[in-house]
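Participant: So that you have it, the file is final32.txt, and it contains compact mmCIF, C-alpha atoms and all ligand atoms:
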```txt
# COMPACT_ATOMS: atom_id res chain seq x y z
CA MET L 1 19.83 8.45 9.97
CA THR L 2 19.90 9.35 6.24
CA LEU L 3 19.36 5.88 4.79
CA GLY L 4 16.76 3.42 6.11
CA LYS L 5 16.78 -0.13 4.80
CA ALA L 6 14.47 -3.06 5.47
CA SER L 7 13.51 -6.32 3.83
CA ALA L 8 10.51 -8.59 4.28
CA PRO L 9 9.75 -12.09 2.97
CA ALA L 10 7.06 -13.36 0.62
CA LYS L 11 4.70 -16.05 1.85
CA VAL L 12 2.66 -19.08 0.98
CA ILE L 13 -0.70 -19.89 2.51
CA LEU L 14 -0.71 -23.59 3.26
CA PHE L 15 -4.30 -23.69 4.53
CA GLY L 16 -7.31 -21.44 4.87
CA GLU L 17 -7.03 -18.60 2.34
CA HIS L 18 -10.26 -16.74 1.62
CA PHE L 19 -12.02 -18.38 4.58
CA VAL L 20 -9.58 -16.45 6.83
CA VAL L 21 -11.24 -13.21 5.68
CA TYR L 22 -14.39 -14.39 7.54
CA GLY L 23 -12.62 -15.20 10.81
CA ASN L 24 -11.52 -18.77 9.99
CA PRO L 25 -7.99 -19.87 10.87
CA ALA L 26 -5.20 -20.15 8.30
CA ILE L 27 -1.69 -21.59 8.25
CA LEU L 28 0.98 -19.52 6.55
CA ALA L 29 4.71 -19.76 6.01
CA SER L 30 7.13 -17.06 4.98
CA ILE L 31 9.49 -18.14 2.23
CA SER L 32 13.04 -17.54 1.10
CA ARG L 33 12.23 -14.73 -1.37
CA ARG L 34 12.36 -11.08 -0.23
CA ILE L 35 11.50 -7.52 -1.05
CA THR L 36 14.05 -4.89 0.01
CA VAL L 37 13.25 -1.20 0.44
CA ALA L 38 15.75 1.65 0.80
CA ALA L 39 14.40 4.99 2.09
CA HIS L 40 15.97 8.46 2.14
CA MET L 41 14.85 11.82 3.48
CA THR L 42 14.82 14.57 0.86
CA SER L 43 14.46 18.35 1.03
CA GLU L 44 11.65 18.36 -1.58
CA SER L 45 8.06 18.36 -0.37
CA LYS L 46 7.11 15.18 -2.21
CA ILE L 47 7.19 11.42 -1.91
CA VAL L 48 8.97 9.61 -4.71
CA ILE L 49 8.67 5.83 -5.12
CA ASP L 50 10.84 3.89 -7.56
CA SER L 51 10.69 0.13 -7.99
CA ASP L 52 11.79 -2.75 -10.17
CA ILE L 53 8.21 -4.08 -10.27
CA GLY L 54 7.26 -1.95 -13.27
CA ALA L 55 6.02 1.16 -11.47
CA ALA L 56 7.48 4.45 -10.29
CA GLY L 57 5.90 7.79 -9.50
CA GLU L 58 5.83 10.87 -7.36
CA TYR L 59 3.19 12.25 -4.99
CA SER L 60 3.04 15.93 -4.16
CA SER L 61 0.18 17.57 -2.21
CA SER L 62 -1.94 14.52 -3.03
CA ALA L 63 -1.46 14.75 -6.86
CA PHE L 64 0.20 11.72 -8.45
CA LYS L 65 2.57 11.75 -11.41
CA PRO L 66 3.58 8.37 -12.89
CA ILE L 67 7.23 8.00 -13.93
CA LYS L 68 7.10 4.32 -14.94
CA GLY L 69 4.19 1.92 -15.42
CA GLY L 70 1.59 4.30 -16.93
CA LYS L 71 -1.94 4.07 -15.60
CA ASN L 72 -1.23 0.92 -13.52
CA ALA L 73 1.48 2.68 -11.54
CA LYS L 74 -0.92 4.41 -9.15
CA GLU L 75 -2.68 1.20 -8.14
CA ILE L 76 0.66 -0.51 -7.41
CA LEU L 77 2.18 2.46 -5.57
CA ASP L 78 -0.79 3.80 -3.59
CA PRO L 79 -0.39 1.32 -0.70
CA LEU L 80 3.30 2.23 -0.41
CA HIS L 81 2.48 5.94 -0.49
CA ASN L 82 -0.10 5.35 2.23
CA ALA L 83 2.49 3.39 4.25
CA ILE L 84 4.93 6.32 4.06
CA GLU L 85 2.23 8.88 4.97
CA GLN L 86 1.21 6.80 7.98
CA VAL L 87 4.79 6.63 9.28
CA LEU L 88 5.32 10.39 8.79
CA ALA L 89 2.06 11.14 10.63
CA ALA L 90 2.84 8.74 13.50
CA ARG L 91 6.37 10.18 13.85
CA ASN L 92 5.09 13.74 13.43
CA GLU L 93 7.56 14.35 10.58
CA LYS L 94 7.07 16.47 7.47
CA THR L 95 10.12 15.67 5.34
CA GLY L 96 10.18 14.60 1.67
CA ILE L 97 10.89 10.89 1.18
CA LYS L 98 12.31 8.80 -1.67
CA VAL L 99 12.04 5.02 -1.55
CA ASP L 100 13.47 2.37 -3.87
CA VAL L 101 11.84 -1.06 -3.93
CA PHE L 102 13.85 -4.11 -5.04
CA SER L 103 11.84 -7.27 -5.42
CA LYS L 104 12.76 -10.94 -5.73
CA VAL L 105 9.08 -11.89 -5.47
CA PRO L 106 6.96 -12.42 -8.59
CA HIS L 107 4.12 -9.89 -8.47
CA GLY L 108 0.39 -10.75 -8.58
CA LEU L 109 0.76 -14.51 -8.06
CA GLY L 110 -0.52 -14.80 -4.49
CA LEU L 111 2.92 -14.89 -2.90
CA GLY L 112 2.39 -11.82 -0.76
CA SER L 113 4.46 -9.34 -2.77
CA SER L 114 2.11 -6.50 -1.89
CA ALA L 115 2.19 -7.26 1.86
CA ALA L 116 5.98 -7.72 1.85
CA SER L 117 6.48 -4.40 0.06
CA CYS L 118 4.19 -2.61 2.55
CA VAL L 119 5.96 -4.16 5.55
CA ALA L 120 9.43 -3.34 4.20
CA THR L 121 8.39 0.21 3.23
CA VAL L 122 6.90 1.01 6.65
CA ALA L 123 9.99 -0.36 8.41
CA ALA L 124 12.54 1.30 6.09
CA VAL L 125 10.90 4.75 6.42
CA ASP L 126 10.28 4.35 10.16
CA SER L 127 13.93 3.43 10.72
CA LEU L 128 14.89 6.92 9.50
CA PHE L 129 13.41 8.31 12.73
CA GLY L 130 14.03 5.60 15.34
CA LYS L 131 13.89 1.87 15.99
CA PRO L 132 10.79 0.35 14.36
CA ASP L 133 8.47 -1.66 16.58
CA ARG L 134 7.46 -4.86 14.73
CA GLN L 135 3.87 -4.93 15.95
CA LYS L 136 3.35 -1.31 14.90
CA VAL L 137 5.02 -1.92 11.52
CA CYS L 138 2.64 -4.82 10.96
CA GLU L 139 -0.44 -2.77 11.89
CA GLN L 140 0.56 0.12 9.62
CA ALA L 141 1.33 -2.29 6.76
CA ILE L 142 -2.11 -3.92 7.16
CA GLU L 143 -3.74 -0.47 6.97
CA SER L 144 -1.84 0.41 3.80
CA GLU L 145 -2.69 -2.94 2.16
CA ARG L 146 -6.34 -2.15 2.83
CA ILE L 147 -6.04 0.71 0.32
CA VAL L 148 -6.26 -1.87 -2.48
CA HIS L 149 -7.89 -4.74 -0.71
CA LYS L 150 -10.22 -3.37 1.94
CA ASN L 151 -11.25 -6.72 3.44
CA SER L 152 -7.69 -7.91 4.01
CA SER L 153 -7.51 -10.40 6.87
CA GLY L 154 -4.06 -9.03 7.74
CA ALA L 155 -2.59 -12.54 7.52
CA ASP L 156 -0.09 -11.71 4.74
CA CYS L 157 1.38 -8.74 6.63
CA TYR L 158 1.58 -10.78 9.82
CA ILE L 159 3.60 -13.59 8.28
CA SER L 160 5.80 -11.17 6.36
CA THR L 161 6.60 -9.25 9.56
CA PHE L 162 7.10 -12.13 11.96
CA GLY L 163 8.28 -14.93 9.62
CA GLY L 164 8.27 -18.70 10.17
CA LEU L 165 5.27 -20.96 10.13
CA ILE L 166 2.16 -19.66 11.85
CA HIS L 167 -1.41 -20.46 12.67
CA TYR L 168 -3.38 -17.24 12.26
CA SER L 169 -6.88 -16.00 12.83
CA LYS L 170 -8.19 -12.43 12.74
CA LEU L 171 -9.51 -12.66 16.30
CA ALA L 172 -6.94 -14.84 18.04
CA GLY L 173 -3.87 -13.39 16.27
CA PHE L 174 -1.07 -15.80 15.53
CA THR L 175 0.77 -18.71 17.13
CA LYS L 176 4.01 -20.20 15.88
CA ILE L 177 3.97 -23.79 14.65
CA GLU L 178 7.16 -25.78 15.18
CA SER L 179 7.83 -28.30 12.43
CA LYS L 180 10.06 -31.29 13.35
CA SER L 181 11.23 -31.80 9.80
CA PRO L 182 11.66 -29.10 7.13
CA LEU L 183 8.82 -28.75 4.64
CA SER L 184 9.93 -29.08 1.01
CA ILE L 185 7.64 -26.87 -1.01
CA VAL L 186 7.62 -26.41 -4.77
CA ILE L 187 5.93 -23.39 -6.31
CA GLY L 188 4.54 -23.50 -9.83
CA SER L 189 3.33 -20.35 -11.55
CA THR L 190 0.31 -20.30 -13.86
CA GLY L 191 1.68 -17.01 -15.23
CA VAL L 192 -1.85 -15.59 -14.80
CA ARG L 193 -1.72 -12.50 -12.57
CA HIS L 194 -4.69 -11.55 -10.46
CA SER L 195 -6.02 -8.87 -8.20
CA THR L 196 -6.48 -10.14 -4.64
CA GLY L 197 -9.19 -7.52 -4.06
CA ASP L 198 -11.23 -8.75 -7.06
CA LEU L 199 -10.98 -12.39 -5.97
CA VAL L 200 -11.93 -11.60 -2.38
CA ALA L 201 -14.91 -9.66 -3.77
CA SER L 202 -15.93 -12.61 -5.98
CA VAL L 203 -15.83 -14.95 -2.96
CA LYS L 204 -18.01 -12.49 -1.05
CA LYS L 205 -20.55 -12.65 -3.88
CA PHE L 206 -20.43 -16.45 -3.76
CA LYS L 207 -20.90 -16.35 0.02
CA ASP L 208 -23.84 -13.93 -0.18
CA ARG L 209 -25.59 -16.12 -2.75
CA ASN L 210 -24.83 -19.46 -1.06
CA GLU L 211 -24.84 -18.76 2.67
CA VAL L 212 -25.60 -22.28 3.89
CA LEU L 213 -23.12 -23.91 1.51
CA PHE L 214 -20.44 -21.34 2.35
CA ASP L 215 -20.89 -21.94 6.09
CA ASP L 216 -20.48 -25.66 5.51
CA LEU L 217 -17.33 -25.16 3.38
CA ALA L 218 -15.90 -22.77 5.99
CA LYS L 219 -16.53 -25.38 8.70
CA ARG L 220 -14.69 -27.98 6.62
CA ALA L 221 -11.84 -25.54 5.97
CA ARG L 222 -11.55 -24.93 9.73
CA ASP L 223 -11.48 -28.65 10.41
CA ILE L 224 -8.73 -29.19 7.77
CA CYS L 225 -6.71 -26.39 9.33
CA MET L 226 -7.03 -27.86 12.84
CA GLN L 227 -5.93 -31.29 11.58
CA ALA L 228 -2.94 -29.65 9.87
CA VAL L 229 -1.98 -27.83 13.08
CA ALA L 230 -1.63 -31.27 14.68
CA ALA L 231 -0.03 -33.05 11.68
CA ILE L 232 2.71 -30.48 10.86
CA PRO L 233 4.58 -30.51 14.19
CA SER L 234 4.53 -34.32 14.35
CA GLY L 235 6.10 -34.54 10.89
CA LYS L 236 3.16 -36.42 9.32
CA LYS L 237 3.87 -35.18 5.82
CA GLU L 238 1.55 -37.62 4.01
CA LYS L 239 -1.32 -36.38 6.16
CA VAL L 240 -0.39 -32.75 5.52
CA GLY L 241 -0.32 -33.52 1.78
CA GLU L 242 -3.79 -35.10 1.88
CA LEU L 243 -5.11 -32.07 3.74
CA LEU L 244 -3.64 -29.70 1.13
CA SER L 245 -5.55 -31.53 -1.60
CA GLU L 246 -8.75 -31.48 0.49
CA ASN L 247 -8.33 -27.73 0.96
CA GLN L 248 -7.92 -27.33 -2.81
CA ALA L 249 -11.28 -29.04 -3.36
CA LEU L 250 -12.94 -26.38 -1.20
CA LEU L 251 -11.17 -23.54 -3.04
CA ARG L 252 -12.40 -25.01 -6.33
CA GLN L 253 -15.95 -24.95 -4.97
CA ILE L 254 -15.79 -21.26 -4.08
CA GLY L 255 -14.56 -20.54 -7.61
CA VAL L 256 -10.99 -19.36 -7.07
CA SER L 257 -9.12 -22.11 -8.88
CA HIS L 258 -8.21 -21.78 -12.55
CA GLU L 259 -7.76 -24.24 -15.40
CA LYS L 260 -3.99 -23.63 -15.45
CA ALA L 261 -3.83 -24.10 -11.68
CA ASP L 262 -5.76 -27.38 -12.05
CA ASP L 263 -3.31 -28.44 -14.76
CA LEU L 264 -0.33 -27.62 -12.53
CA ILE L 265 -1.88 -29.50 -9.61
CA ASP L 266 -2.32 -32.52 -11.83
CA ILE L 267 1.33 -32.32 -12.98
CA CYS L 268 2.55 -32.02 -9.37
CA ASN L 269 0.44 -34.91 -8.09
CA LYS L 270 1.48 -37.19 -10.98
CA ALA L 271 5.12 -36.24 -10.29
CA GLY L 272 4.77 -37.58 -6.73
CA ALA L 273 3.67 -34.55 -4.69
CA LEU L 274 2.07 -35.48 -1.37
CA GLY L 275 -0.60 -32.89 -2.08
CA SER L 276 -0.99 -29.58 -3.86
CA LYS L 277 -3.24 -26.57 -4.08
CA ILE L 278 -3.40 -22.94 -5.14
CA THR L 279 -1.92 -20.54 -2.61
CA GLY L 280 -3.24 -17.09 -1.76
CA ALA L 281 -6.03 -15.49 -3.73
CA GLY L 282 -6.03 -17.91 -6.70
CA GLY L 283 -7.71 -17.05 -10.01
CA GLY L 284 -4.49 -18.23 -11.63
CA GLY L 285 -1.52 -17.17 -9.51
CA ALA L 286 0.68 -19.84 -8.00
CA VAL L 287 0.30 -23.45 -6.92
CA ILE L 288 2.18 -25.06 -4.04
CA ALA L 289 3.09 -28.74 -3.87
CA LEU L 290 4.41 -30.55 -0.81
CA ALA L 291 7.23 -32.98 -1.54
CA ALA L 292 8.38 -35.81 0.74
CA THR L 293 12.06 -34.94 0.28
CA LYS L 294 14.27 -32.30 -1.35
CA GLN L 295 15.02 -34.74 -4.18
CA ASP L 296 11.30 -35.18 -4.78
CA SER L 297 10.78 -31.45 -4.87
CA ALA L 298 13.52 -31.12 -7.53
CA LYS L 299 11.77 -33.87 -9.53
CA ILE L 300 8.39 -32.12 -9.26
CA GLY L 301 9.97 -28.77 -10.20
CA ALA L 302 11.55 -30.37 -13.30
CA LYS L 303 8.20 -31.85 -14.41
CA ILE L 304 6.51 -28.46 -14.00
CA LYS L 305 9.19 -26.79 -16.14
CA ALA L 306 9.00 -29.56 -18.75
CA GLN L 307 5.33 -28.61 -19.25
CA GLY L 308 6.29 -24.98 -19.93
CA TYR L 309 5.44 -23.42 -16.55
CA GLU L 310 7.83 -21.55 -14.25
CA SER L 311 8.73 -23.23 -11.02
CA PHE L 312 11.00 -22.71 -8.03
CA GLU L 313 11.66 -24.45 -4.77
CA VAL L 314 11.51 -22.56 -1.49
CA GLU L 315 12.44 -22.96 2.13
CA ILE L 316 10.69 -21.49 5.12
CA ASP L 317 12.16 -18.14 6.15
CA PHE L 318 12.39 -17.79 9.93
CA LYS L 319 13.67 -14.20 10.04
CA GLY L 320 10.59 -12.24 8.92
CA LEU L 321 11.18 -8.48 8.78
CA VAL L 322 14.86 -7.49 8.82
CA VAL L 323 15.74 -3.83 9.48
C1 LIG L 401 -4.36 -13.47 -0.01
O1 LIG L 401 -2.98 -13.82 0.03
C2 LIG L 401 -5.10 -14.22 1.04
C3 LIG L 401 -6.63 -14.03 1.07
O2 LIG L 401 -7.12 -14.90 2.06
C4 LIG L 401 -7.01 -12.61 1.39
C5 LIG L 401 -6.71 -12.20 2.84
O3 LIG L 401 -6.47 -13.04 3.70
O4 LIG L 401 -6.77 -10.98 3.09
C6 LIG L 401 -7.24 -14.41 -0.26
```
As C-alpha cells - that is how I would like this structure written.
Facilitator:
Amino acid sequence: MTLGKASAPAKVILFGEHFVVYGNPAILASISRRITVAAHMTSESKIVIDSDIGAAGEYSSSAFKPIKGGKNAKEILDPLHNAIEQVLAARNEKTGIKVDVFSKVPHGLGLGSSAASCVATVAAVDSLFGKPDRQKVCEQAIESERIVHKNSSGADCYISTFGGLIHYSKLAGFTKIESKSPLSIVIGSTGVRHSTGDLVASVKKFKDRNEVLFDDLAKRARDICMQAVAAIPSGKKEKVGELLSENQALLRQIGVSHEKADDLIDICNKAGALGSKITGAGGGGAVIALAATKQDSAKIGAKIKAQGYESFEVEIDFKGLVV
C-alpha cells in the first residue's frame, strides 16, 4: 500500500485523572473530535512530519530539522517520530516515511490530542505494511507518548484506540461501561495550554511531600469512581453530576485546578450543569460540565461563550481508532 490513513478520537476524563497514574481507576470517554494521519513511503532516508498543529520537521539519522514551529516543533513531533520508528522496527522495514497530521482537537487542553495523534500515527504507518492490530497500536502509542510524559498511565491512548466509555486502571486494563441514556457534555476552554508532563510531575511533588494526605485523597477518588461506575449505567445523571463536582474538589486539593477553570466551573454550575470539573491534566486546559439534556448543554455552552471563553458540545465516540 502506498497511502496509509487512520484517525483517532480525542477524549475527556470524567473521573480519576492524576490518581490513575498511581494505579487508581479512572473513567474516560472518547469524544466526537478526531485527529487524522496520512502516511506515505518515500525513497529518501528520512522521516518527515507535517501537521496543522503548528509544527513540522524532518528527522534524518537522528538529527532533527524544524520546518514549522521553531524550537517547540521538536517537543511536539518527537512522540510521533518515535511512533514511526517503533512501527518500522517492529515491521523490520527501512523505508523513508512522510506523515501529515490533520487535527480537529485543540492542542494542550487536556483533551488527549497527543495520545490521539500517536495512536493515529502508529496505525497509519503500520497500515502501509499490513493490517494493524489494535492492541499493538495502543501499546506502541503509549510508548511514544512516554517520550514526553514518562509516567503516562496509558489511559489516554487506551480510550483513543478503543473508543466509547471505559473504566480503566493500569493493572486491570479497561472495561466498557454501557450508559442507558446519552451523556450531554459541554467543554469549556480556559485558553491556558499546559504540559501534561509538568503537571504530573507537580502532583508527584505534592504526593511526596504529603503522603498521608495524598493516600486519603486517592482513596476518596477511588470511591467516587466506583460510585460513578454504578451511577452511569443506571442513568442517574444527578448523582454523576454530584460526583464530578466532588472529584473536582480533590483535584483542587492536589493543585491542578486554575483560577480560569474555577471561573468556568462556576459559570457552568450557575447555568444549570449537574456537575463540572477540569478534565485531564488541568493547570488551565479544559473544563467539562454534565448537562441533564441537550437543550441544557446548549444553554450552558451559550453562557460560557457569553463570558468570553470558547465552548463546544460533544458526544461520545464509539468507534475509537479507524483505519
Ligand atoms: C492526562 O490526560 C491524564 C493524567 O492522568 C495523566 C495520565 O493518566 O497519564 C493527568
Participant: Using all atoms listed in the file, which protein or nucleic acid residues are at most 8 Å from ligand LIG 401 (chain L), as a ChimeraX atom specification?
Facilitator: /L:12-13,16-21,110-112,149,151-156,196-197,199-200,279-282
Participant: Counting all atoms listed in the file, what is within 7 Å of region 308-321 of chain L, bar same-chain residues fewer than 2 positions away, as a list in words?
Facilitator: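 Returned residues: Ser7, Ala8, Pro9, Ala29, Ser30, Ile31, Ser32, Ser160, Thr161, Phe162, Gly163, Gly164, Ser184, Ile185, Val186, Ile187, Gly188, Ser189, Thr190, Gly301, Ile304, Lys305, Ala306 and Val323 of chain L.
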Participant: Given all atoms listed in the file as the basis, pick out the residue of L:Gln227, L:Ser245, L:Thr293, L:Thr36 nearest to Ser103 (chain L).
Facilitator: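 Once distances to Ser103 (chain L) are computed over all atoms listed in the file, the minimum belongs to L:Thr36.
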Participant: Any idea what the distance is between CA of Ala39 (chain L) and CA of Leu165 (chain L)?
Facilitator: 28.7 Å
Participant: Just give me the gap between CA of Val192 (chain L) and CA of Ala115 (chain L) in Å, one decimal is fine.
Facilitator: 19.1 Å
Participant: Name all residues at most 8 Å from Phe102 (chain L) (count all atoms listed in the file; drop same-chain ones fewer than 3 positions away) and give them as an mmCIF file with C-alpha atoms, keeping the file's coordinate frame.
Facilitator:
```
data_model
loop_
_atom_site.group_PDB
_atom_site.id
_atom_site.type_symbol
_atom_site.label_atom_id
_atom_site.label_comp_id
_atom_site.auth_asym_id
_atom_site.auth_seq_id
_atom_site.Cartn_x
_atom_site.Cartn_y
_atom_site.Cartn_z
ATOM 1 C CA ILE L 35 11.500 -7.520 -1.050
ATOM 2 C CA THR L 36 14.050 -4.890 0.010
ATOM 3 C CA VAL L 37 13.250 -1.200 0.440
ATOM 4 C CA SER L 51 10.690 0.130 -7.990
ATOM 5 C CA ASP L 52 11.790 -2.750 -10.170
ATOM 6 C CA ILE L 53 8.210 -4.080 -10.270
#
```
Participant: Go through L:Asp296, L:Glu259, L:Glu139, L:Asp126 and flag the residue nearest Ala89 (chain L), using only C-alpha atoms for the distances.
Facilitator: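 Among the listed residues, the smallest separation from Ala89 (chain L) belongs to L:Asp126.
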Participant: For Gly275 (chain L), which residue out of L:Lys180, L:Lys239, L:His40, L:Lys94 is the nearest one, using all atoms listed in the file?
Facilitator: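 Under the stated criterion, the closest residue is L:Lys239.
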Participant: Pull the neighbourhood of (2.6, 2.1, 9.4) for me: all residues within 12 Å in file coordinates, counting only C-alpha atoms, as an mmCIF file with C-alpha atoms, keeping the file's coordinate frame.
Facilitator:
```cif
data_model
loop_
_atom_site.group_PDB
_atom_site.id
_atom_site.type_symbol
_atom_site.label_atom_id
_atom_site.label_comp_id
_atom_site.auth_asym_id
_atom_site.auth_seq_id
_atom_site.Cartn_x
_atom_site.Cartn_y
_atom_site.Cartn_z
ATOM 1 C CA PRO L 79 -0.390 1.320 -0.700
ATOM 2 C CA LEU L 80 3.300 2.230 -0.410
ATOM 3 C CA HIS L 81 2.480 5.940 -0.490
ATOM 4 C CA ASN L 82 -0.100 5.350 2.230
ATOM 5 C CA ALA L 83 2.490 3.390 4.250
ATOM 6 C CA ILE L 84 4.930 6.320 4.060
ATOM 7 C CA GLU L 85 2.230 8.880 4.970
ATOM 8 C CA GLN L 86 1.210 6.800 7.980
ATOM 9 C CA VAL L 87 4.790 6.630 9.280
ATOM 10 C CA LEU L 88 5.320 10.390 8.790
ATOM 11 C CA ALA L 89 2.060 11.140 10.630
ATOM 12 C CA ALA L 90 2.840 8.740 13.500
ATOM 13 C CA ARG L 91 6.370 10.180 13.850
ATOM 14 C CA CYS L 118 4.190 -2.610 2.550
ATOM 15 C CA VAL L 119 5.960 -4.160 5.550
ATOM 16 C CA ALA L 120 9.430 -3.340 4.200
ATOM 17 C CA THR L 121 8.390 0.210 3.230
ATOM 18 C CA VAL L 122 6.900 1.010 6.650
ATOM 19 C CA ALA L 123 9.990 -0.360 8.410
ATOM 20 C CA ALA L 124 12.540 1.300 6.090
ATOM 21 C CA VAL L 125 10.900 4.750 6.420
ATOM 22 C CA ASP L 126 10.280 4.350 10.160
ATOM 23 C CA SER L 127 13.930 3.430 10.720
ATOM 24 C CA PRO L 132 10.790 0.350 14.360
ATOM 25 C CA ASP L 133 8.470 -1.660 16.580
ATOM 26 C CA ARG L 134 7.460 -4.860 14.730
ATOM 27 C CA GLN L 135 3.870 -4.930 15.950
ATOM 28 C CA LYS L 136 3.350 -1.310 14.900
ATOM 29 C CA VAL L 137 5.020 -1.920 11.520
ATOM 30 C CA CYS L 138 2.640 -4.820 10.960
ATOM 31 C CA GLU L 139 -0.440 -2.770 11.890
ATOM 32 C CA GLN L 140 0.560 0.120 9.620
ATOM 33 C CA ALA L 141 1.330 -2.290 6.760
ATOM 34 C CA ILE L 142 -2.110 -3.920 7.160
ATOM 35 C CA GLU L 143 -3.740 -0.470 6.970
ATOM 36 C CA SER L 144 -1.840 0.410 3.800
ATOM 37 C CA GLU L 145 -2.690 -2.940 2.160
ATOM 38 C CA ARG L 146 -6.340 -2.150 2.830
ATOM 39 C CA CYS L 157 1.380 -8.740 6.630
#
```
Participant: Find, counting all atoms listed in the file, the residue in L:Gly70, L:Gly4, L:Gly23, L:Gly284 that gets nearest to Leu128 (chain L).
Facilitator: L:Gly4
Participant: CA of Leu274 (chain L) and CA of Ala298 (chain L), how far apart in Å?
Facilitator: 13.7 Å
Participant: With all atoms listed in the file as the basis for distance, which of L:Gly272, L:Gly96, L:Gly235, L:Gly255 is at the shortest distance from Lys204 (chain L)?
Facilitator: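 Selected residue with least distance to Lys204 (chain L): L:Gly255.
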Participant: Select, from L:Ile76, L:Ala38, L:Leu244, L:Ile27, the residue with the minimum atom-to-atom distance to Ile97 (chain L), counting all atoms listed in the file.
Facilitator: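 Smallest separation from Ile97 (chain L) among the options: L:Ala38.
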Participant: Kindly provide, as lines of an AutoDock Vina configuration file, the centre and edge lengths (Å, one decimal) of an axis-aligned box around all atoms of region 54-71 of chain L given in the file, with 8 Å on each side.
Facilitator:
```
center_x = 2.8
center_y = 7.8
center_z = -9.6
size_x = 25.4
size_y = 35.5
size_z = 30.7
```
Participant: Could I get region 212-225 of chain L rebuilt with N, CA, C and O atoms, written as a tab-separated table (two decimals), keeping the file's coordinate frame?
Facilitator:
```tsv
chain	number	residue	atom	x	y	z
L	212	VAL	N	-25.65	-21.00	3.16
L	212	VAL	CA	-25.60	-22.28	3.89
L	212	VAL	C	-24.41	-23.10	3.41
L	212	VAL	O	-23.63	-23.63	4.21
L	213	LEU	N	-24.25	-23.15	2.07
L	213	LEU	CA	-23.12	-23.91	1.51
L	213	LEU	C	-21.80	-23.31	1.98
L	213	LEU	O	-20.88	-24.03	2.40
L	214	PHE	N	-21.70	-21.98	1.95
L	214	PHE	CA	-20.44	-21.34	2.35
L	214	PHE	C	-20.11	-21.67	3.81
L	214	PHE	O	-18.96	-21.98	4.15
L	215	ASP	N	-21.14	-21.63	4.68
L	215	ASP	CA	-20.89	-21.94	6.09
L	215	ASP	C	-20.36	-23.36	6.25
L	215	ASP	O	-19.46	-23.62	7.04
L	216	ASP	N	-20.93	-24.28	5.44
L	216	ASP	CA	-20.48	-25.66	5.51
L	216	ASP	C	-19.03	-25.79	5.02
L	216	ASP	O	-18.20	-26.45	5.66
L	217	LEU	N	-18.70	-25.09	3.91
L	217	LEU	CA	-17.33	-25.16	3.38
L	217	LEU	C	-16.35	-24.54	4.38
L	217	LEU	O	-15.25	-25.05	4.59
L	218	ALA	N	-16.78	-23.44	5.02
L	218	ALA	CA	-15.90	-22.77	5.99
L	218	ALA	C	-15.65	-23.70	7.18
L	218	ALA	O	-14.54	-23.76	7.71
L	219	LYS	N	-16.68	-24.45	7.56
L	219	LYS	CA	-16.53	-25.38	8.70
L	219	LYS	C	-15.52	-26.47	8.32
L	219	LYS	O	-14.64	-26.83	9.11
L	220	ARG	N	-15.64	-26.95	7.06
L	220	ARG	CA	-14.69	-27.98	6.62
L	220	ARG	C	-13.27	-27.42	6.52
L	220	ARG	O	-12.30	-28.09	6.86
L	221	ALA	N	-13.17	-26.17	6.07
L	221	ALA	CA	-11.84	-25.54	5.97
L	221	ALA	C	-11.21	-25.42	7.36
L	221	ALA	O	-10.01	-25.64	7.55
L	222	ARG	N	-12.04	-25.07	8.35
L	222	ARG	CA	-11.55	-24.93	9.73
L	222	ARG	C	-11.06	-26.28	10.25
L	222	ARG	O	-9.99	-26.38	10.85
L	223	ASP	N	-11.82	-27.32	9.95
L	223	ASP	CA	-11.48	-28.65	10.41
L	223	ASP	C	-10.14	-29.11	9.78
L	223	ASP	O	-9.27	-29.65	10.46
L	224	ILE	N	-9.98	-28.84	8.47
L	224	ILE	CA	-8.73	-29.19	7.77
L	224	ILE	C	-7.56	-28.47	8.43
L	224	ILE	O	-6.50	-29.05	8.70
L	225	CYS	N	-7.77	-27.19	8.73
L	225	CYS	CA	-6.71	-26.39	9.33
L	225	CYS	C	-6.32	-26.95	10.71
L	225	CYS	O	-5.13	-27.05	11.03
```
